[in-house]
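Trainee: Just start32.cif, nothing more (mmCIF, C-alpha atoms):
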```cif
data_work
loop_
_atom_site.label_atom_id
_atom_site.label_comp_id
_atom_site.auth_asym_id
_atom_site.auth_seq_id
_atom_site.Cartn_x
_atom_site.Cartn_y
_atom_site.Cartn_z
CA MET S 1 -29.87 16.40 -35.77
CA SER S 2 -32.30 18.18 -33.43
CA HIS S 3 -36.05 17.61 -33.19
CA SER S 4 -36.51 21.21 -34.41
CA ASP S 5 -34.50 20.49 -37.58
CA ASN S 6 -36.56 17.40 -38.33
CA LYS S 7 -39.79 19.33 -37.80
CA SER S 8 -38.62 22.12 -40.13
CA LYS S 9 -37.70 19.60 -42.83
CA LEU S 10 -41.08 17.92 -42.49
CA LEU S 11 -42.83 21.28 -42.84
CA MET S 12 -40.75 22.05 -45.94
CA ILE S 13 -41.70 18.70 -47.50
CA VAL S 14 -45.39 19.34 -46.75
CA SER S 15 -45.09 22.80 -48.34
CA MET S 16 -43.53 21.44 -51.53
CA LEU S 17 -46.07 18.61 -51.79
CA THR S 18 -48.89 21.15 -51.46
CA PHE S 19 -47.36 23.54 -54.02
CA GLY S 20 -47.18 20.58 -56.42
CA THR S 21 -50.99 20.14 -56.30
CA ILE S 22 -51.93 23.71 -57.30
CA GLY S 23 -52.25 22.89 -61.00
CA LEU S 24 -54.98 20.32 -60.30
CA PHE S 25 -57.08 22.94 -58.52
CA VAL S 26 -56.44 25.74 -61.00
CA ASN S 27 -57.44 23.49 -63.91
CA ASN S 28 -60.82 22.96 -62.23
CA ILE S 29 -61.58 26.66 -61.71
CA ASN S 30 -63.95 27.78 -64.48
CA LEU S 31 -62.84 31.39 -64.32
CA PRO S 32 -60.23 33.38 -66.29
CA SER S 33 -56.62 32.97 -65.16
CA SER S 34 -56.36 36.70 -64.47
CA PHE S 35 -59.27 36.57 -62.02
CA THR S 36 -57.89 33.42 -60.39
CA ALA S 37 -54.53 35.16 -59.93
CA PHE S 38 -56.25 38.24 -58.48
CA SER S 39 -58.30 36.07 -56.09
CA ARG S 40 -55.19 34.19 -54.98
CA ALA S 41 -53.33 37.43 -54.24
CA LEU S 42 -56.30 38.99 -52.42
CA ILE S 43 -57.20 35.95 -50.31
CA GLY S 44 -53.53 35.21 -49.56
CA SER S 45 -52.81 38.78 -48.46
CA VAL S 46 -55.89 38.87 -46.22
CA PHE S 47 -54.90 35.55 -44.64
CA ILE S 48 -51.29 36.60 -44.03
CA GLY S 49 -52.47 39.98 -42.72
CA LEU S 50 -54.76 38.26 -40.21
CA PHE S 51 -51.95 35.90 -39.24
CA MET S 52 -49.66 38.85 -38.50
CA LEU S 53 -52.46 40.51 -36.52
CA VAL S 54 -53.15 37.41 -34.41
CA THR S 55 -49.45 36.76 -33.76
CA ARG S 56 -48.90 40.49 -33.09
CA HIS S 57 -46.17 40.66 -35.68
CA LYS S 58 -44.89 44.23 -35.65
CA VAL S 59 -44.24 45.78 -39.04
CA ASP S 60 -41.22 48.06 -39.44
CA GLY S 61 -42.82 51.04 -41.17
CA LYS S 62 -39.51 52.66 -42.07
CA ALA S 63 -38.17 49.46 -43.62
CA VAL S 64 -41.40 48.97 -45.58
CA LYS S 65 -41.27 52.54 -46.92
CA LYS S 66 -37.60 52.10 -47.85
CA ASN S 67 -38.33 48.92 -49.83
CA LEU S 68 -41.61 49.90 -51.51
CA LYS S 69 -39.88 50.80 -54.78
CA LEU S 70 -38.74 47.16 -54.94
CA LEU S 71 -41.74 45.39 -53.42
CA ILE S 72 -44.39 46.96 -55.64
CA PRO S 73 -42.77 45.95 -58.97
CA SER S 74 -41.95 42.49 -57.61
CA GLY S 75 -45.58 42.13 -56.51
CA ILE S 76 -46.78 43.13 -59.97
CA ALA S 77 -44.39 40.60 -61.52
CA MET S 78 -45.70 37.95 -59.10
CA GLY S 79 -49.30 38.58 -60.18
CA PHE S 80 -48.58 38.35 -63.91
CA ASN S 81 -46.33 35.36 -63.24
CA TRP S 82 -49.35 33.49 -61.86
CA ILE S 83 -51.52 34.49 -64.83
CA CYS S 84 -48.93 33.16 -67.29
CA LEU S 85 -48.45 29.95 -65.28
CA PHE S 86 -52.19 29.24 -64.98
CA GLU S 87 -52.68 29.90 -68.71
CA SER S 88 -49.74 27.61 -69.46
CA TYR S 89 -51.48 24.83 -67.50
CA ARG S 90 -54.61 25.30 -69.63
CA PHE S 91 -52.83 25.30 -72.99
CA ALA S 92 -49.90 22.91 -72.48
CA GLY S 93 -50.97 20.80 -69.49
CA ILE S 94 -49.60 20.73 -65.95
CA PRO S 95 -46.39 18.71 -66.59
CA VAL S 96 -45.17 20.87 -69.50
CA GLY S 97 -46.30 24.11 -67.83
CA THR S 98 -44.52 23.17 -64.61
CA LEU S 99 -41.28 22.25 -66.36
CA CYS S 100 -41.29 25.45 -68.42
CA TYR S 101 -41.79 27.34 -65.16
CA TYR S 102 -38.85 25.48 -63.67
CA MET S 103 -36.55 27.21 -66.16
CA ALA S 104 -36.52 30.19 -63.76
CA PRO S 105 -33.23 29.06 -62.11
CA VAL S 106 -31.63 28.84 -65.57
CA ILE S 107 -32.76 32.37 -66.39
CA LEU S 108 -31.28 33.51 -63.08
CA VAL S 109 -27.93 32.01 -64.10
CA PHE S 110 -27.77 34.26 -67.16
CA ILE S 111 -28.99 37.48 -65.56
CA SER S 112 -27.13 37.21 -62.24
CA PRO S 113 -23.71 38.33 -63.61
CA PHE S 114 -25.25 41.56 -64.95
CA ILE S 115 -27.72 42.42 -62.17
CA LEU S 116 -26.43 40.65 -59.05
CA LYS S 117 -22.74 40.78 -60.06
CA GLU S 118 -22.43 37.04 -59.42
CA LYS S 119 -19.69 35.07 -61.16
CA LEU S 120 -20.79 32.87 -64.06
CA THR S 121 -19.04 29.58 -63.29
CA HIS S 122 -18.48 26.56 -65.54
CA ILE S 123 -20.95 24.60 -63.41
CA LYS S 124 -23.68 27.19 -63.95
CA VAL S 125 -23.07 27.37 -67.71
CA ILE S 126 -23.11 23.57 -68.11
CA SER S 127 -26.27 23.27 -65.99
CA ALA S 128 -28.00 25.98 -68.01
CA ILE S 129 -27.10 24.40 -71.36
CA VAL S 130 -28.33 20.97 -70.23
CA ALA S 131 -31.57 22.46 -68.89
CA ILE S 132 -32.16 24.33 -72.17
CA GLY S 133 -31.61 21.03 -74.02
CA GLY S 134 -34.23 19.47 -71.75
CA GLU S 135 -36.64 22.30 -72.51
CA VAL S 136 -36.20 21.70 -76.26
CA LEU S 137 -37.10 18.02 -75.74
CA ILE S 138 -40.10 18.95 -73.58
CA SER S 139 -41.39 21.35 -76.24
CA GLY S 140 -41.54 18.63 -78.90
CA VAL S 141 -39.77 20.82 -81.47
CA LEU S 142 -37.29 18.09 -82.50
CA SER S 143 -39.98 15.45 -82.97
CA GLY S 144 -42.32 17.87 -84.74
CA SER S 145 -45.01 17.32 -82.11
CA VAL S 146 -45.28 20.67 -80.39
CA ARG S 147 -48.35 20.31 -78.21
CA SER S 148 -48.91 23.97 -77.59
CA GLY S 149 -46.42 26.64 -78.56
CA LYS S 150 -48.58 29.19 -76.79
CA GLY S 151 -48.62 27.15 -73.57
CA ILE S 152 -44.84 26.70 -73.65
CA ALA S 153 -44.31 30.42 -74.31
CA LEU S 154 -46.60 31.31 -71.39
CA GLY S 155 -44.75 28.87 -69.11
CA LEU S 156 -41.42 30.43 -70.05
CA ALA S 157 -42.88 33.92 -69.57
CA ALA S 158 -43.95 32.83 -66.06
CA ALA S 159 -40.38 31.62 -65.45
CA VAL S 160 -38.95 34.99 -66.55
CA LEU S 161 -41.37 36.84 -64.24
CA TYR S 162 -40.60 34.53 -61.32
CA ALA S 163 -36.86 35.01 -61.90
CA SER S 164 -37.55 38.76 -61.80
CA VAL S 165 -39.30 38.42 -58.43
CA ILE S 166 -36.38 36.43 -57.00
CA THR S 167 -33.86 38.95 -58.36
CA ILE S 168 -35.72 41.99 -57.01
CA ASN S 169 -36.11 40.31 -53.60
CA LYS S 170 -32.32 39.98 -53.38
CA PHE S 171 -32.21 43.77 -52.92
CA VAL S 172 -34.90 43.91 -50.20
CA LYS S 173 -33.32 44.72 -46.85
CA GLU S 174 -34.47 44.76 -43.20
CA LEU S 175 -37.82 43.06 -43.88
CA SER S 176 -38.94 39.59 -42.83
CA PRO S 177 -40.14 37.15 -45.53
CA VAL S 178 -43.68 37.44 -44.14
CA GLU S 179 -43.74 41.24 -44.50
CA THR S 180 -42.18 41.03 -47.95
CA THR S 181 -44.77 38.52 -49.16
CA LEU S 182 -47.71 40.45 -47.70
CA ILE S 183 -46.75 43.63 -49.57
CA GLN S 184 -46.07 41.69 -52.77
CA LEU S 185 -49.45 39.97 -52.58
CA MET S 186 -51.21 43.26 -51.88
CA SER S 187 -49.41 44.89 -54.83
CA ALA S 188 -50.36 41.98 -57.08
CA ALA S 189 -54.01 42.19 -55.99
CA VAL S 190 -54.21 45.96 -56.57
CA VAL S 191 -52.64 45.84 -60.03
CA MET S 192 -54.84 42.90 -61.03
CA ILE S 193 -58.04 44.91 -60.47
CA PRO S 194 -57.69 47.23 -63.50
CA TYR S 195 -56.15 44.42 -65.55
CA VAL S 196 -59.14 42.13 -64.95
CA LEU S 197 -61.63 44.97 -65.57
CA ILE S 198 -59.95 45.88 -68.87
CA THR S 199 -59.31 42.39 -70.25
CA GLU S 200 -62.34 40.44 -69.01
CA ASP S 201 -66.12 40.72 -69.24
CA ILE S 202 -66.97 40.28 -65.57
CA SER S 203 -70.70 40.01 -66.32
CA SER S 204 -69.99 36.73 -68.13
CA PHE S 205 -68.31 35.10 -65.12
CA VAL S 206 -70.10 32.01 -63.82
CA PHE S 207 -69.34 31.50 -60.13
CA ASP S 208 -70.18 27.81 -59.71
CA VAL S 209 -69.67 26.13 -56.34
CA LYS S 210 -66.64 24.09 -57.47
CA SER S 211 -64.82 27.17 -58.81
CA ILE S 212 -65.52 29.15 -55.63
CA VAL S 213 -64.35 26.32 -53.36
CA PHE S 214 -61.18 25.67 -55.39
CA THR S 215 -60.38 29.39 -55.58
CA LEU S 216 -60.65 29.59 -51.79
CA ILE S 217 -58.39 26.54 -51.45
CA VAL S 218 -55.75 28.09 -53.75
CA GLY S 219 -55.94 31.40 -51.89
CA VAL S 220 -56.07 30.13 -48.30
CA ILE S 221 -54.10 26.88 -48.47
CA HIS S 222 -51.68 27.23 -51.43
CA THR S 223 -50.94 30.88 -50.71
CA GLY S 224 -51.80 31.84 -47.13
CA ILE S 225 -51.16 28.71 -45.07
CA VAL S 226 -48.40 27.14 -47.19
CA TYR S 227 -46.47 30.41 -47.43
CA MET S 228 -46.55 30.63 -43.63
CA VAL S 229 -45.39 27.03 -43.26
CA TYR S 230 -42.71 27.55 -45.91
CA PHE S 231 -41.34 30.71 -44.29
CA SER S 232 -41.27 29.15 -40.83
CA SER S 233 -39.19 26.24 -42.13
CA VAL S 234 -36.94 27.93 -44.70
CA GLN S 235 -35.32 30.10 -42.03
CA LYS S 236 -34.28 27.05 -39.99
CA ILE S 237 -32.75 24.69 -42.54
CA PRO S 238 -29.72 25.10 -44.86
CA ALA S 239 -30.23 26.73 -48.26
CA GLN S 240 -28.94 23.62 -50.07
CA THR S 241 -31.50 21.45 -48.26
CA THR S 242 -34.22 23.88 -49.29
CA ALA S 243 -33.02 23.69 -52.90
CA VAL S 244 -33.16 19.87 -52.89
CA PHE S 245 -36.63 19.80 -51.30
CA SER S 246 -37.90 22.28 -53.89
CA TYR S 247 -37.78 19.46 -56.46
CA ILE S 248 -40.67 17.78 -54.67
CA ASP S 249 -42.93 20.48 -56.19
CA PRO S 250 -42.48 19.72 -59.94
CA VAL S 251 -42.19 15.95 -59.40
CA THR S 252 -45.47 15.98 -57.43
CA ALA S 253 -47.17 18.06 -60.13
CA ILE S 254 -46.03 15.71 -62.90
CA ILE S 255 -46.96 12.50 -61.05
CA LEU S 256 -50.40 13.75 -59.96
CA SER S 257 -51.31 15.07 -63.39
CA ALA S 258 -50.31 11.72 -64.93
CA VAL S 259 -52.26 9.66 -62.37
CA ILE S 260 -55.35 11.87 -61.96
CA LEU S 261 -55.61 13.72 -65.28
CA HIS S 262 -53.85 11.06 -67.41
CA ASP S 263 -51.73 13.95 -68.71
CA SER S 264 -48.60 11.90 -69.28
CA LEU S 265 -45.29 12.77 -70.94
CA SER S 266 -43.78 11.12 -74.00
CA ALA S 267 -40.46 9.25 -73.78
CA MET S 268 -38.67 12.31 -75.25
CA GLN S 269 -40.36 14.61 -72.71
CA ILE S 270 -39.40 12.30 -69.84
CA ILE S 271 -35.76 12.58 -70.94
CA GLY S 272 -36.21 16.38 -71.06
CA THR S 273 -37.70 16.29 -67.55
CA VAL S 274 -34.67 14.41 -66.21
CA LEU S 275 -32.33 16.89 -67.93
CA ILE S 276 -34.09 19.98 -66.54
CA LEU S 277 -34.47 18.73 -62.95
CA GLY S 278 -31.05 17.07 -62.96
CA ALA S 279 -29.28 20.15 -64.33
CA THR S 280 -30.93 22.47 -61.84
CA LEU S 281 -30.17 20.11 -58.95
CA PHE S 282 -26.55 19.80 -60.13
CA ASN S 283 -26.30 23.61 -60.25
CA GLU S 284 -27.45 23.78 -56.61
CA LEU S 285 -25.35 20.95 -55.18
CA ALA S 286 -22.12 20.92 -57.21
CA PRO S 287 -20.56 24.01 -55.57
CA THR S 288 -21.19 22.56 -52.09
CA LEU S 289 -19.75 19.16 -53.03
CA LYS S 290 -16.74 20.90 -54.57
CA ASP S 291 -16.14 22.91 -51.37
CA ARG S 292 -16.44 19.79 -49.23
CA LYS S 293 -13.93 17.98 -51.43
CA LYS S 294 -11.45 20.86 -51.04
CA SER S 295 -11.89 21.03 -47.26
CA GLY S 296 -11.64 17.26 -46.97
#
```
Since I need it in another form, could you write the structure as structure tokens?

Mentor:
Amino acid sequence: MSHSDNKSKLLMIVSMLTFGTIGLFVNNINLPSSFTAFSRALIGSVFIGLFMLVTRHKVDGKAVKKNLKLLIPSGIAMGFNWICLFESYRFAGIPVGTLCYYMAPVILVFISPFILKEKLTHIKVISAIVAIGGEVLISGVLSGSVRSGKGIALGLAAAVLYASVITINKFVKELSPVETTLIQLMSAAVVMIPYVLITEDISSFVFDVKSIVFTLIVGVIHTGIVYMVYFSSVQKIPAQTTAVFSYIDPVTAIILSAVILHDSLSAMQIIGTVLILGATLFNELAPTLKDRKKSG
């Protein structure tokens, strides 16, 4: 394994660890989720734009124009995805919100045969059923201890929106991940402006120092810097490795919220967590293991 591969894997791990901390910062921002999402999109797009300017990254105008009809709706979905996720954190807590959000791969399993024309295999169906079972346990429906139906619904809505972003991005052609993300962030920021103005009373906002600092951290670090680090590493390591490393994100979120916020999971929810993460990991790795067994 080359030094470059090791460096890329390290960068991927750092990215996932950082993504896993976002809930802690968002929960300490005393501003509406819609404004936090808008700020994240605006700050992130400015940062990435400056990065492209400094590195003299040339944008393919024709390719951008060709993909705008895809990038704008995916950017809008990204913005509302963040709003739903941040609201889910507030109502259901970071562990439950994160795990609901992690149902996005399961949603992709069900929509991919219709939109992406991908075959629905036995492995995908089994993984999806197990993950749904895990989600039922997480929700507390069986034990009659639903912590927040609204928070769970918002987390699942965020998962649907994120699955939409991933699906739309499958059709984007001839653009680098950096260009794609910049346009999506800009689209999210623009569409958030009227949404925030219509749904929130801006005059009632209290911009305390902690909220301003944490908003800047979420925008610059969790969006601008980490997206850059993520993109630089994801292009250099295998997709299956990326899939495995992505599990560092929810595990980090759950552990930190338990240790720092004392927002722990019940025994039933821990079982649900194992089912969701295990099923999604199985869905990612099983096809590769099957191919290796055949070739071996």

Trainee: Apply the PyMOL selection byres ((chain S and resi 249) around 10) to the structure shown and report the selected residues as number ranges by chain.

Mentor: S: 13-22, 98, 102, 245-248, 250-254

Trainee: Leaving out Met268 in chain S and any residue of its chain fewer than 5 positions from it, which residues lie within 9 Å of it when counting only C-alpha atoms, given as a PyMOL selection string?

Mentor: chain S and resi 137-138+140+143+273

Trainee: Residues as selected, C-alpha atoms, written as a PDB file, in the coordinates of the input, can you do that?

Mentor:
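Output contents, as saved in part-v9.pdb:
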```pdb
ATOM      1  CA  LEU S 137     -37.100  18.020 -75.740  1.00  0.00           C
ATOM      2  CA  ILE S 138     -40.100  18.950 -73.580  1.00  0.00           C
ATOM      3  CA  GLY S 140     -41.540  18.630 -78.900  1.00  0.00           C
ATOM      4  CA  SER S 143     -39.980  15.450 -82.970  1.00  0.00           C
ATOM      5  CA  THR S 273     -37.700  16.290 -67.550  1.00  0.00           C
TER       6      THR S 273
END
```

Trainee: Name the residues that the PyMOL selection byres ((chain S and resi 264) around 12) picks from the file above, as number ranges by chain, using the file's chain letters and numbers.

Mentor: S: 92-96, 138, 253-263, 265-270, 273

Trainee: So which residues get picked by the PyMOL selection byres ((chain S and resi 46-49) around 9) here, written as a list in words?

Mentor: Ala41, Leu42, Ile43, Gly44, Ser45, Leu50, Phe51, Met52, Leu53, Val54, Val178, Glu179, Thr181, Leu182, Met186, Gly219, Val220, Thr223, Gly224, Ile225, Tyr227 and Met228 of chain S

Trainee: Which polymer residues have any atom within 10 Å of an atom of Pro73 in chain S, counting only C-alpha atoms, with same-chain residues fewer than 3 positions away left out, as JSON, numbers by chain?

Mentor: {"S": [68, 69, 70, 76, 77, 78, 79, 164, 165, 168, 184, 187, 188, 191]}

Trainee: Take the residues from that selection and write them out as a PDB file, in the coordinates of the input, keeping C-alpha atoms.

Mentor:
```
ATOM      1  CA  LEU S  68     -41.610  49.900 -51.510  1.00  0.00           C
ATOM      2  CA  LYS S  69     -39.880  50.800 -54.780  1.00  0.00           C
ATOM      3  CA  LEU S  70     -38.740  47.160 -54.940  1.00  0.00           C
ATOM      4  CA  ILE S  76     -46.780  43.130 -59.970  1.00  0.00           C
ATOM      5  CA  ALA S  77     -44.390  40.600 -61.520  1.00  0.00           C
ATOM      6  CA  MET S  78     -45.700  37.950 -59.100  1.00  0.00           C
ATOM      7  CA  GLY S  79     -49.300  38.580 -60.180  1.00  0.00           C
ATOM      8  CA  SER S 164     -37.550  38.760 -61.800  1.00  0.00           C
ATOM      9  CA  VAL S 165     -39.300  38.420 -58.430  1.00  0.00           C
ATOM     10  CA  ILE S 168     -35.720  41.990 -57.010  1.00  0.00           C
ATOM     11  CA  GLN S 184     -46.070  41.690 -52.770  1.00  0.00           C
ATOM     12  CA  SER S 187     -49.410  44.890 -54.830  1.00  0.00           C
ATOM     13  CA  ALA S 188     -50.360  41.980 -57.080  1.00  0.00           C
ATOM     14  CA  VAL S 191     -52.640  45.840 -60.030  1.00  0.00           C
TER      15      VAL S 191
END
```

Trainee: Which of these, S:Ala63, S:Lys170, S:His222, S:Leu10, has the shortest distance to Ile237 in chain S once you count all atoms listed in the file?

Mentor: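 Ranking S:Ala63, S:Lys170, S:His222, S:Leu10 by distance to Ile237 in chain S, first place goes to S:Leu10.
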
Trainee: State, in Å with one decimal place, the distance from CA of Ala128 in chain S to CA of Ser112 in chain S.

Mentor: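 CA of Ser112 in chain S lies 12.7 Å from CA of Ala128 in chain S.
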
Trainee: Closest to Val160 in chain S among S:Ile212, S:Ala286, S:Lys66, S:Val106, using all atoms listed in the file?

Mentor: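 Using all atoms listed in the file, Val160 in chain S sits closest to S:Val106.
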
Trainee: Would you compute the distance between CA of Ile193 in chain S and CA of Ser148 in chain S? Give it in Å to one decimal.

Mentor: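 Taking CA of Ile193 in chain S as the start and CA of Ser148 in chain S as the end point, the length is 28.5 Å.
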
Trainee: Range 264-267 of chain S, all listed atoms, 5 Å padding on each side: what axis-aligned box centre and edge lengths in Å to one decimal come out, as lines of an AutoDock Vina configuration file?

Mentor:
```
center_x = -44.5
center_y = 11.0
center_z = -71.6
size_x = 18.1
size_y = 13.5
size_z = 14.7
```

Trainee: For a quick check of understanding, using all atoms listed in the file, which of S:Ile271, S:Thr167, S:Lys173, S:Leu161 has the smallest distance to Glu118 in chain S?

Mentor: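 Between S:Ile271, S:Thr167, S:Lys173, S:Leu161, the residue approaching Glu118 in chain S most closely is S:Thr167.
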
Trainee: I'd like the interatomic distance between CA of Thr215 in chain S and CA of Leu185 in chain S, to a tenth of an Å.

Mentor: 15.5 Å

Trainee: For a quick check of understanding, using all atoms listed in the file, which of S:Leu275, S:Val64, S:Ile183, S:Leu216 has the smallest distance to Val26 in chain S?

Mentor: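 When distances to Val26 in chain S are compared using all atoms listed in the file, the smallest one comes from S:Leu216.
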
Trainee: From the options S:Val172, S:Leu85, S:Leu120, S:Met12, which residue's atoms come nearest to Cys100 in chain S, counting only C-alpha atoms?

Mentor: S:Leu85

Trainee: May I ask which of the residues S:Pro105, S:Gly151, S:Pro32, S:Gly23 is the closest one to Val206 in chain S, counting all atoms listed in the file?

Mentor: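 That would be S:Pro32, the residue with the smallest distance to Val206 in chain S.
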
Trainee: Residues within 12 Å of His122 in chain S, please, as number ranges by chain. Count all atoms listed in the file; anything in the same chain fewer than 2 positions from it doesn't count.

Mentor: S: 109, 119-120, 124-129, 282-283, 286-287

Trainee: Extract, using all atoms listed in the file, all DNA, RNA and protein residues at most 9 Å from Ile29 in chain S, discarding same-chain residues fewer than 6 positions from it, and format them as a count of residues only.

Mentor: 8
